[in-house]
$ cat start_30.txt   # compact mmCIF, C-alpha atoms
# COMPACT_ATOMS: atom_id res chain seq x y z
CA MET A 18 56.65 12.74 48.38
CA THR A 19 59.61 12.41 50.68
CA ASN A 20 62.34 9.91 49.91
CA ILE A 21 61.35 6.79 51.80
CA ALA A 22 63.39 4.17 49.99
CA GLY A 23 66.89 2.84 50.47
CA HIS A 24 66.88 2.41 54.24
CA GLN A 25 68.04 -0.62 56.19
CA LYS A 26 65.45 -3.37 56.08
CA ASN A 27 64.37 -5.17 59.25
CA ARG A 28 61.69 -7.79 59.45
CA LEU A 29 58.58 -6.07 60.77
CA ARG A 30 56.09 -7.09 63.39
CA ILE A 31 52.88 -5.41 62.29
CA ALA A 32 49.24 -5.24 63.35
CA ILE A 33 46.79 -4.21 60.64
CA GLN A 34 43.18 -3.28 61.25
CA GLY A 35 41.17 -5.44 58.85
CA ASP A 36 37.75 -3.84 58.89
CA GLN A 37 35.86 -3.67 55.57
CA LEU A 38 37.61 -6.75 54.16
CA SER A 39 34.35 -7.92 52.64
CA SER A 40 33.11 -4.49 51.58
CA PRO A 41 32.63 -3.84 47.83
CA THR A 42 33.52 -0.16 48.30
CA GLY A 43 36.87 1.53 47.80
CA GLY A 44 37.82 0.87 51.43
CA GLY A 45 37.33 -2.85 50.96
CA ARG A 46 39.31 -2.84 47.75
CA PHE A 47 42.15 -1.04 49.49
CA ILE A 48 42.54 -3.38 52.43
CA ARG A 49 42.15 -6.54 50.31
CA GLY A 50 44.71 -5.41 47.75
CA PHE A 51 47.11 -4.26 50.45
CA LEU A 52 47.00 -7.46 52.51
CA ARG A 53 47.12 -9.84 49.57
CA THR A 54 50.19 -8.09 48.19
CA LEU A 55 51.93 -7.73 51.54
CA PHE A 56 51.60 -11.44 52.27
CA SER A 57 52.42 -12.69 48.75
CA GLU A 58 55.10 -10.24 47.57
CA PHE A 59 56.93 -9.26 50.77
CA PRO A 60 57.20 -12.33 52.99
CA ASP A 61 60.86 -11.57 53.73
CA GLN A 62 59.87 -8.17 55.16
CA ILE A 63 57.40 -9.55 57.71
CA ASP A 64 58.40 -11.33 60.89
CA ARG A 65 54.85 -11.50 62.24
CA ALA A 66 51.59 -9.95 61.09
CA TYR A 67 48.35 -9.67 63.05
CA VAL A 68 45.11 -8.91 61.20
CA LEU A 69 42.67 -7.30 63.63
CA VAL A 70 39.03 -7.85 62.74
CA THR A 71 36.64 -6.25 65.19
CA GLN A 72 33.44 -6.92 63.28
CA ASN A 73 31.96 -10.06 61.82
CA GLU A 74 34.15 -9.85 58.74
CA SER A 75 34.86 -12.74 56.40
CA ILE A 76 38.53 -13.32 55.56
CA ALA A 77 37.81 -15.80 52.77
CA CYS A 78 38.89 -13.17 50.23
CA LEU A 79 42.48 -13.44 51.51
CA GLY A 80 42.76 -17.15 50.83
CA LYS A 81 45.07 -19.26 52.95
CA LEU A 82 47.04 -17.10 55.35
CA PRO A 83 50.83 -17.58 55.65
CA PRO A 84 52.01 -19.26 58.87
CA ASN A 85 53.39 -16.00 60.25
CA VAL A 86 50.00 -14.25 59.94
CA THR A 87 47.58 -14.43 62.86
CA LEU A 88 43.93 -13.42 62.74
CA LEU A 89 42.71 -11.69 65.89
CA LYS A 90 38.95 -11.74 65.52
CA GLN A 91 37.54 -9.95 68.53
CA ARG A 92 33.97 -8.76 68.95
CA PHE A 93 34.83 -5.37 70.35
CA PRO A 94 31.54 -3.42 70.61
CA CYS A 95 31.25 -1.03 67.69
CA GLN A 96 29.82 1.73 69.85
CA LEU A 97 32.94 1.65 72.03
CA ARG A 98 35.64 1.11 69.43
CA TYR A 99 36.45 4.81 68.97
CA THR A 100 36.40 5.67 72.67
CA PRO A 101 39.18 5.56 75.29
CA LEU A 102 37.87 2.10 76.28
CA ALA A 103 39.40 0.82 73.04
CA ARG A 104 42.72 1.00 74.87
CA LEU A 105 41.68 -2.15 76.67
CA PHE A 106 41.78 -3.89 73.28
CA GLY A 107 45.05 -2.22 72.34
CA TYR A 108 46.79 -3.44 75.47
CA THR A 109 46.00 -7.04 74.55
CA LEU A 110 48.11 -6.78 71.40
CA PRO A 111 51.63 -8.19 71.40
CA SER A 112 54.67 -5.95 71.14
CA ILE A 113 54.84 -4.75 67.54
CA ASP A 114 56.75 -2.36 65.32
CA VAL A 115 53.79 -0.91 63.43
CA ALA A 116 50.11 -0.55 64.26
CA PHE A 117 48.44 0.34 60.97
CA GLY A 118 44.94 1.63 60.37
CA PRO A 119 44.20 1.40 56.62
CA PHE A 120 41.58 4.12 56.94
CA TYR A 121 41.81 6.86 59.54
CA HIS A 122 41.64 5.01 62.81
CA VAL A 123 44.05 2.67 64.54
CA PHE A 124 43.52 1.04 67.90
CA PRO A 125 45.69 2.71 70.53
CA SER A 126 48.53 0.53 71.71
CA SER A 127 51.37 1.55 74.00
CA ARG A 128 53.33 -1.45 72.70
CA ALA A 129 53.65 -0.25 69.09
CA LYS A 130 56.72 1.70 67.99
CA ILE A 131 54.91 3.34 65.08
CA ARG A 132 51.21 4.08 64.76
CA GLY A 133 50.09 5.00 61.28
CA ILE A 134 46.97 5.50 59.20
CA THR A 135 45.99 6.00 55.59
CA LEU A 136 44.03 9.18 54.92
CA HIS A 137 41.92 8.72 51.80
CA ASP A 138 40.23 12.11 51.60
CA MET A 139 39.15 14.99 53.83
CA SER A 140 35.70 15.65 52.39
CA TYR A 141 34.12 15.38 55.85
CA PHE A 142 35.53 18.81 56.60
CA ASP A 143 33.75 20.45 53.65
CA ALA A 144 30.12 21.33 54.36
CA ARG A 145 29.38 21.29 50.62
CA TYR A 146 29.91 17.55 50.45
CA HIS A 147 28.50 16.10 53.68
CA PRO A 148 25.58 16.88 55.98
CA GLN A 149 26.94 18.49 59.12
CA ASN A 150 25.06 16.14 61.46
CA MET A 151 26.21 14.36 64.60
CA THR A 152 27.65 11.42 62.65
CA VAL A 153 29.85 13.64 60.50
CA ARG A 154 30.90 15.73 63.50
CA ASN A 155 31.96 12.56 65.29
CA GLU A 156 33.91 11.40 62.24
CA LYS A 157 35.74 14.72 62.03
CA ALA A 158 36.57 14.61 65.74
CA LEU A 159 37.85 11.04 65.41
CA MET A 160 40.01 11.94 62.44
CA THR A 161 41.43 14.94 64.27
CA ARG A 162 42.33 12.87 67.33
CA THR A 163 43.89 10.14 65.23
CA VAL A 164 46.19 12.34 63.14
CA GLN A 165 47.46 13.89 66.37
CA LEU A 166 48.04 10.47 67.92
CA CYS A 167 49.80 8.86 64.96
CA ASN A 168 53.45 9.01 63.95
CA SER A 169 52.60 8.51 60.29
CA VAL A 170 49.82 9.70 57.99
CA VAL A 171 49.90 8.35 54.44
CA CYS A 172 47.85 10.44 52.01
CA ILE A 173 46.76 8.62 48.86
CA SER A 174 47.29 11.55 46.47
CA ASN A 175 48.97 14.93 46.38
CA ALA A 176 45.50 16.49 46.49
CA THR A 177 44.80 14.81 49.83
CA LEU A 178 48.28 15.66 51.08
CA ARG A 179 47.74 19.36 50.33
CA GLU A 180 44.38 19.30 52.11
CA PHE A 181 46.03 17.69 55.15
CA GLN A 182 48.83 20.24 55.20
CA ASP A 183 46.36 23.11 54.90
CA LYS A 184 44.17 21.74 57.69
CA TRP A 185 46.96 20.78 60.08
CA PRO A 186 50.16 22.66 59.09
CA GLN A 187 51.69 21.87 62.48
CA LEU A 188 51.42 18.15 61.66
CA ALA A 189 52.73 18.36 58.09
CA HIS A 190 55.95 16.55 59.07
CA LYS A 191 53.94 13.39 59.75
CA ALA A 192 52.51 13.07 56.25
CA VAL A 193 53.77 11.44 53.08
CA MET A 194 52.05 10.65 49.79
CA ILE A 195 51.74 7.10 48.49
CA TYR A 196 49.30 6.31 45.70
CA ASN A 197 46.91 3.39 46.05
CA GLY A 198 47.36 0.28 44.00
CA VAL A 199 44.84 -1.03 41.49
CA SER A 200 44.24 -4.59 40.33
CA ALA A 201 43.49 -5.03 36.63
CA GLU A 202 41.62 -8.25 37.45
CA GLU A 203 38.90 -6.30 39.23
CA THR A 204 37.56 -5.10 35.87
CA ARG A 205 38.06 -7.70 33.16
CA SER A 206 37.35 -6.55 29.66
CA SER A 207 35.72 -8.86 27.14
CA THR A 208 37.89 -10.59 24.54
CA PRO A 209 37.25 -9.45 21.92
CA ARG A 210 35.71 -6.24 23.26
CA PRO A 211 32.16 -5.76 21.97
CA SER A 212 31.30 -2.90 19.67
CA PRO A 213 30.69 0.20 21.80
CA GLN A 214 27.17 1.44 22.25
CA ASN A 215 26.16 5.04 21.66
CA SER A 216 26.18 5.64 25.40
CA ILE A 217 27.72 7.59 28.25
CA LEU A 218 28.54 5.76 31.48
CA ALA A 219 28.86 7.45 34.88
CA VAL A 220 29.78 5.47 38.01
CA GLY A 221 29.63 6.69 41.59
CA THR A 222 27.37 7.27 44.59
CA ILE A 223 24.79 10.01 44.16
CA GLU A 224 26.33 12.63 46.44
CA PRO A 225 27.45 16.25 46.02
CA ARG A 226 31.16 15.82 45.40
CA LYS A 227 30.50 13.47 42.48
CA ASN A 228 29.08 16.50 40.66
CA TYR A 229 26.08 14.81 39.07
CA SER A 230 24.26 18.14 38.85
CA THR A 231 26.70 19.43 36.24
CA LEU A 232 26.82 16.07 34.47
CA LEU A 233 23.03 16.07 34.10
CA ASP A 234 23.01 19.68 32.91
CA ALA A 235 25.56 18.73 30.25
CA TYR A 236 23.50 15.73 29.20
CA GLU A 237 20.36 17.86 28.95
CA GLN A 238 22.26 20.17 26.61
CA LEU A 239 23.43 17.26 24.47
CA LEU A 240 19.92 15.81 24.43
CA GLY A 241 18.56 19.17 23.31
CA GLU A 242 21.06 19.29 20.46
CA GLN A 243 20.73 15.71 19.23
CA GLY A 244 17.23 14.61 20.25
CA ASP A 245 16.58 10.94 19.52
CA ALA A 246 20.12 10.55 18.16
CA ALA A 247 21.61 11.49 21.56
CA PRO A 248 23.53 8.75 23.39
CA LEU A 249 21.96 6.84 26.26
CA LEU A 250 23.10 7.93 29.73
CA ASN A 251 23.75 5.03 32.12
CA ILE A 252 24.31 5.94 35.78
CA VAL A 253 25.63 3.27 38.14
CA GLY A 254 25.59 4.29 41.78
CA GLY A 255 23.70 3.95 45.02
CA MET A 256 21.64 6.64 46.69
CA GLY A 257 23.78 8.99 48.76
CA TRP A 258 23.05 12.24 50.58
CA LEU A 259 22.28 15.93 49.96
CA SER A 260 21.13 15.07 46.44
CA ASP A 261 17.33 15.31 46.33
CA ASP A 262 17.38 17.66 43.33
CA VAL A 263 19.80 15.39 41.47
CA VAL A 264 17.59 12.35 42.09
CA ARG A 265 14.53 14.21 40.81
CA HIS A 266 16.52 15.20 37.72
CA ILE A 267 17.55 11.59 37.08
CA MET A 268 14.00 10.33 37.56
CA ALA A 269 12.71 12.92 35.09
CA LEU A 270 15.33 11.91 32.52
CA GLN A 271 14.39 8.25 32.94
CA THR A 272 10.87 9.03 31.73
CA THR A 273 12.37 10.07 28.37
CA GLY A 274 13.83 6.60 27.86
CA LYS A 275 17.30 8.12 27.38
CA CYS A 276 18.62 7.57 30.91
CA LYS A 277 18.97 4.49 33.10
CA TRP A 278 19.83 4.61 36.79
CA LEU A 279 21.24 1.28 37.99
CA GLN A 280 21.45 1.40 41.78
CA ASN A 281 22.22 -2.20 42.66
CA ILE A 282 24.15 -4.24 40.12
CA SER A 283 26.57 -7.13 40.38
CA ASP A 284 30.28 -6.96 39.66
CA ALA A 285 29.65 -8.84 36.42
CA GLN A 286 27.02 -6.31 35.37
CA LEU A 287 29.39 -3.43 36.14
CA VAL A 288 32.09 -5.03 34.01
CA ASP A 289 29.55 -5.40 31.21
CA ALA A 290 28.62 -1.72 31.54
CA TYR A 291 32.26 -0.66 31.15
CA ASN A 292 32.76 -2.99 28.20
CA HIS A 293 29.79 -1.67 26.26
CA ALA A 294 30.02 2.06 27.07
CA GLY A 295 30.83 4.48 24.29
CA VAL A 296 32.49 6.86 26.75
CA PHE A 297 33.04 6.82 30.50
CA THR A 298 32.74 10.10 32.40
CA TYR A 299 33.79 11.03 35.93
CA LEU A 300 33.46 14.67 36.96
CA SER A 301 34.16 14.47 40.69
CA LEU A 302 35.03 17.73 42.43
CA CYS A 303 36.77 16.18 45.43
CA GLU A 304 38.42 12.78 45.21
CA GLY A 305 41.08 11.08 47.28
CA PHE A 306 42.09 8.68 44.52
CA GLY A 307 39.17 7.53 42.37
CA TYR A 308 38.86 3.88 41.34
CA PRO A 309 36.25 4.16 38.53
CA PRO A 310 38.60 5.78 35.98
CA PHE A 311 41.02 2.89 36.49
CA GLU A 312 38.20 0.42 35.94
CA ALA A 313 37.26 2.16 32.70
CA ALA A 314 40.90 2.33 31.58
CA PHE A 315 41.43 -1.41 32.11
CA ALA A 316 38.17 -2.08 30.24
CA GLY A 317 39.42 -0.11 27.23
CA CYS A 318 36.76 2.59 27.39
CA PRO A 319 37.64 6.17 26.32
CA MET A 320 37.22 8.59 29.22
CA VAL A 321 36.11 12.18 29.77
CA LEU A 322 37.21 13.18 33.26
CA GLY A 323 37.19 16.27 35.42
CA ASN A 324 40.55 17.95 35.91
CA ALA A 325 39.92 18.69 39.61
CA SER A 326 41.41 17.06 42.69
CA SER A 327 43.28 13.75 42.39
CA VAL A 328 41.50 12.77 39.15
CA GLY A 329 43.14 15.62 37.25
CA GLU A 330 46.40 15.01 39.11
CA ILE A 331 46.58 11.39 37.96
CA TRP A 332 44.99 11.55 34.51
CA SER A 333 45.50 15.02 32.98
CA GLN A 334 48.38 13.91 30.72
CA HIS A 335 46.87 10.52 29.90
CA ALA A 336 43.14 11.01 29.27
CA THR A 337 40.77 13.77 28.18
CA CYS A 338 40.22 16.01 31.20
CA VAL A 339 38.02 19.11 31.27
CA ASP A 340 36.80 21.67 33.76
CA PRO A 341 34.17 19.63 35.65
CA LEU A 342 31.90 22.69 35.91
CA ASP A 343 32.11 23.70 32.23
CA VAL A 344 29.03 22.26 30.53
CA ASP A 345 30.13 23.23 27.01
CA ALA A 346 33.55 21.61 27.48
CA ILE A 347 31.98 18.42 28.81
CA VAL A 348 29.55 18.16 25.90
CA ALA A 349 32.32 18.80 23.35
CA ALA A 350 34.49 16.10 24.94
CA TRP A 351 31.64 13.58 24.88
CA LYS A 352 31.05 14.28 21.19
CA TRP A 353 34.73 13.79 20.49
CA ALA A 354 34.89 10.48 22.36
CA LEU A 355 31.73 9.11 20.77
CA GLY A 356 32.97 10.10 17.31
CA LEU A 357 36.24 8.18 17.51
CA SER A 358 36.94 5.60 14.85
CA PRO A 359 37.78 2.06 15.98
CA SER A 360 41.51 2.64 15.46
CA GLN A 361 41.35 5.95 17.31
CA ARG A 362 39.55 4.28 20.22
CA GLU A 363 42.28 1.67 20.40
CA THR A 364 44.96 4.35 20.53
CA VAL A 365 43.16 6.27 23.28
CA ALA A 366 42.49 3.09 25.22
CA ALA A 367 46.15 2.04 25.00
CA VAL A 368 47.37 5.32 26.49
CA GLN A 369 44.86 5.12 29.34
CA LYS A 370 45.65 1.48 30.10
CA LYS A 371 49.40 2.15 30.15
CA ARG A 372 48.82 4.82 32.78
CA ALA A 373 46.57 2.57 34.86
CA GLN A 374 49.18 -0.20 34.82
CA GLU A 375 51.65 2.07 36.63
CA PHE A 376 49.57 1.88 39.82
CA THR A 377 50.46 -1.59 41.01
CA TRP A 378 49.83 -2.88 44.49
CA LYS A 379 53.41 -4.09 44.61
CA ARG A 380 54.68 -0.52 44.19
CA THR A 381 52.25 0.74 46.82
CA VAL A 382 53.09 -1.83 49.48
CA GLU A 383 56.82 -1.52 48.78
CA GLN A 384 56.59 2.21 49.51
CA TYR A 385 54.62 1.64 52.72
CA VAL A 386 57.17 -0.87 53.99
CA ALA A 387 60.06 1.46 53.12
CA HIS A 388 58.27 4.32 54.88
CA TRP A 389 57.80 2.30 58.06
CA GLN A 390 61.41 1.11 57.95
CA HIS A 391 62.53 4.71 57.58
CA LEU A 392 60.55 5.79 60.64
CA ILE A 393 61.84 2.90 62.77
CA THR A 394 65.43 3.56 61.67
CA GLY A 395 65.02 7.21 62.60
CA MET A 396 63.82 6.26 66.08
CA LYS A 397 66.99 4.26 66.69
CA ARG A 398 69.29 7.21 66.02

$ encode --input "start_30.txt" --output "structure tokens"
Amino acid sequence: MTNIAGHQKNRLRIAIQGDQLSSPTGGGRFIRGFLRTLFSEFPDQIDRAYVLVTQNESIACLGKLPPNVTLLKQRFPCQLRYTPLARLFGYTLPSIDVAFGPFYHVFPSSRAKIRGITLHDMSYFDARYHPQNMTVRNEKALMTRTVQLCNSVVCISNATLREFQDKWPQLAHKAVMIYNGVSAEETRSSTPRPSPQNSILAVGTIEPRKNYSTLLDAYEQLLGEQGDAAPLLNIVGGMGWLSDDVVRHIMALQTTGKCKWLQNISDAQLVDAYNHAGVFTYLSLCEGFGYPPFEAAFAGCPMVLGNASSVGEIWSQHATCVDPLDVDAIVAAWKWALGLSPSQRETVAAVQKKRAQEFTWKRTVEQYVAHWQHLITGMKR
């Protein structure tokens, strides 16, 4: 990551696209954490902030807004929002320093000094992970236009940054890496933590890059070795795409009574799943950042993770990481985690939690603000 700290600080006028504020997904978590921290921790950095909500989003999650924050809730038609007609919306914005799209789109505005986005991952460009239908083609085209338009592209991990640089080497000068923040409050562990069950927990949408096919193969091997003594496999995740064989495999395992697929559960139920799991596993092949390992770490659950993409980048020195395609290695790691004594579990959990606590929203937002200040200072030279 380039050095983006230590530059002269000016109070910013910033417009932030606030879509997905009420979403339970990673995108919603990102924008909520970012805005809450920006408004509470950096009031002296902000002259005026405009939160642009173009859908029927609820802002109740942000609480009472500071007096220098204005909500612009406009019902811009969704089918037109990514077309040149969106400029009509952009021109209505006041003169600002930064127009920020927390995902990979920002409304065009000729009155913004800096236009920037956050790029979470580039999986759309990999045919292994997404159906190459019209929707995905449109998303790829939108992302391509946006990175060319913007002055700043923040990648949320070195893995994503490398993918960006490989895809658009001529635009590499626009990109920096800033990790996401994580809130420990989003996954509260029980006090005292209940005794762990003889179980494996996997969390994530059923889609190709989450690598459920290998996970299920590894579980079948463990089940064949241990029979009735094998741990229960709990899968928490909604139905995704390109995964018909995986779904059939899960359904077959459910008939054995050793596997449960929980597609729609509450936040409280998810917390309970983390708290009771014997081991959490996450074998994603392509990840921009990956929230579930942080949730497991804050809940005090030992983890077996894949060493690919950003998951290996973040956790390799702080949790047990294996080749996500090596069935034998996965099974061996599960056996190790499930065989830990209580004191050993505490030691493992402490190391994981210490790592998770490094990824604060305050650090993230501080780096964004410094980055924007750096760009504005450079424009004045």

$ closest_residue --input "start_30.txt" --among "A:Gly198, A:Gly241, A:Pro111, A:Gly305" --to "A:Phe376" --atoms "only C-alpha atoms"
A:Gly198

$ residues_near_point --input "start_30.txt" --point "(45.5, 17.1, 54.2)" --cutoff "12 Å" --atoms "only C-alpha atoms" --output "number ranges by chain"
A: 135-142, 160-161, 164, 170-194, 305

$ atom_distance --input "start_30.txt" --atom1 "atom CA of A:Ala313" --atom2 "atom CA of A:Tyr291"
5.9 Å

$ residues_around --input "start_30.txt" --residues "A:Ala366" --least-positions-apart "4" --cutoff "9 Å" --atoms "only C-alpha atoms" --output "VMD selection string"
chain A and resid 314 to 320 336 361 to 362 370 to 371

$ residues_around --input "start_30.txt" --residues "A:Lys130" --least-positions-apart "4" --cutoff "12 Å" --atoms "all atoms listed in the file" --output "ChimeraX atom specification"
/A:29-32,111-117,125-126,167-169,389-390,392-397

$ closest_residue --input "start_30.txt" --among "A:Pro359, A:Pro83, A:Pro41, A:Pro341" --to "A:Arg53" --atoms "all atoms listed in the file"
A:Pro83

$ atom_distance --input "start_30.txt" --atom1 "atom CA of A:Ser230" --atom2 "atom CA of A:Gln334"
25.8 Å

$ atom_distance --input "start_30.txt" --atom1 "atom CA of A:Val86" --atom2 "atom CA of A:Ile48"
15.2 Å
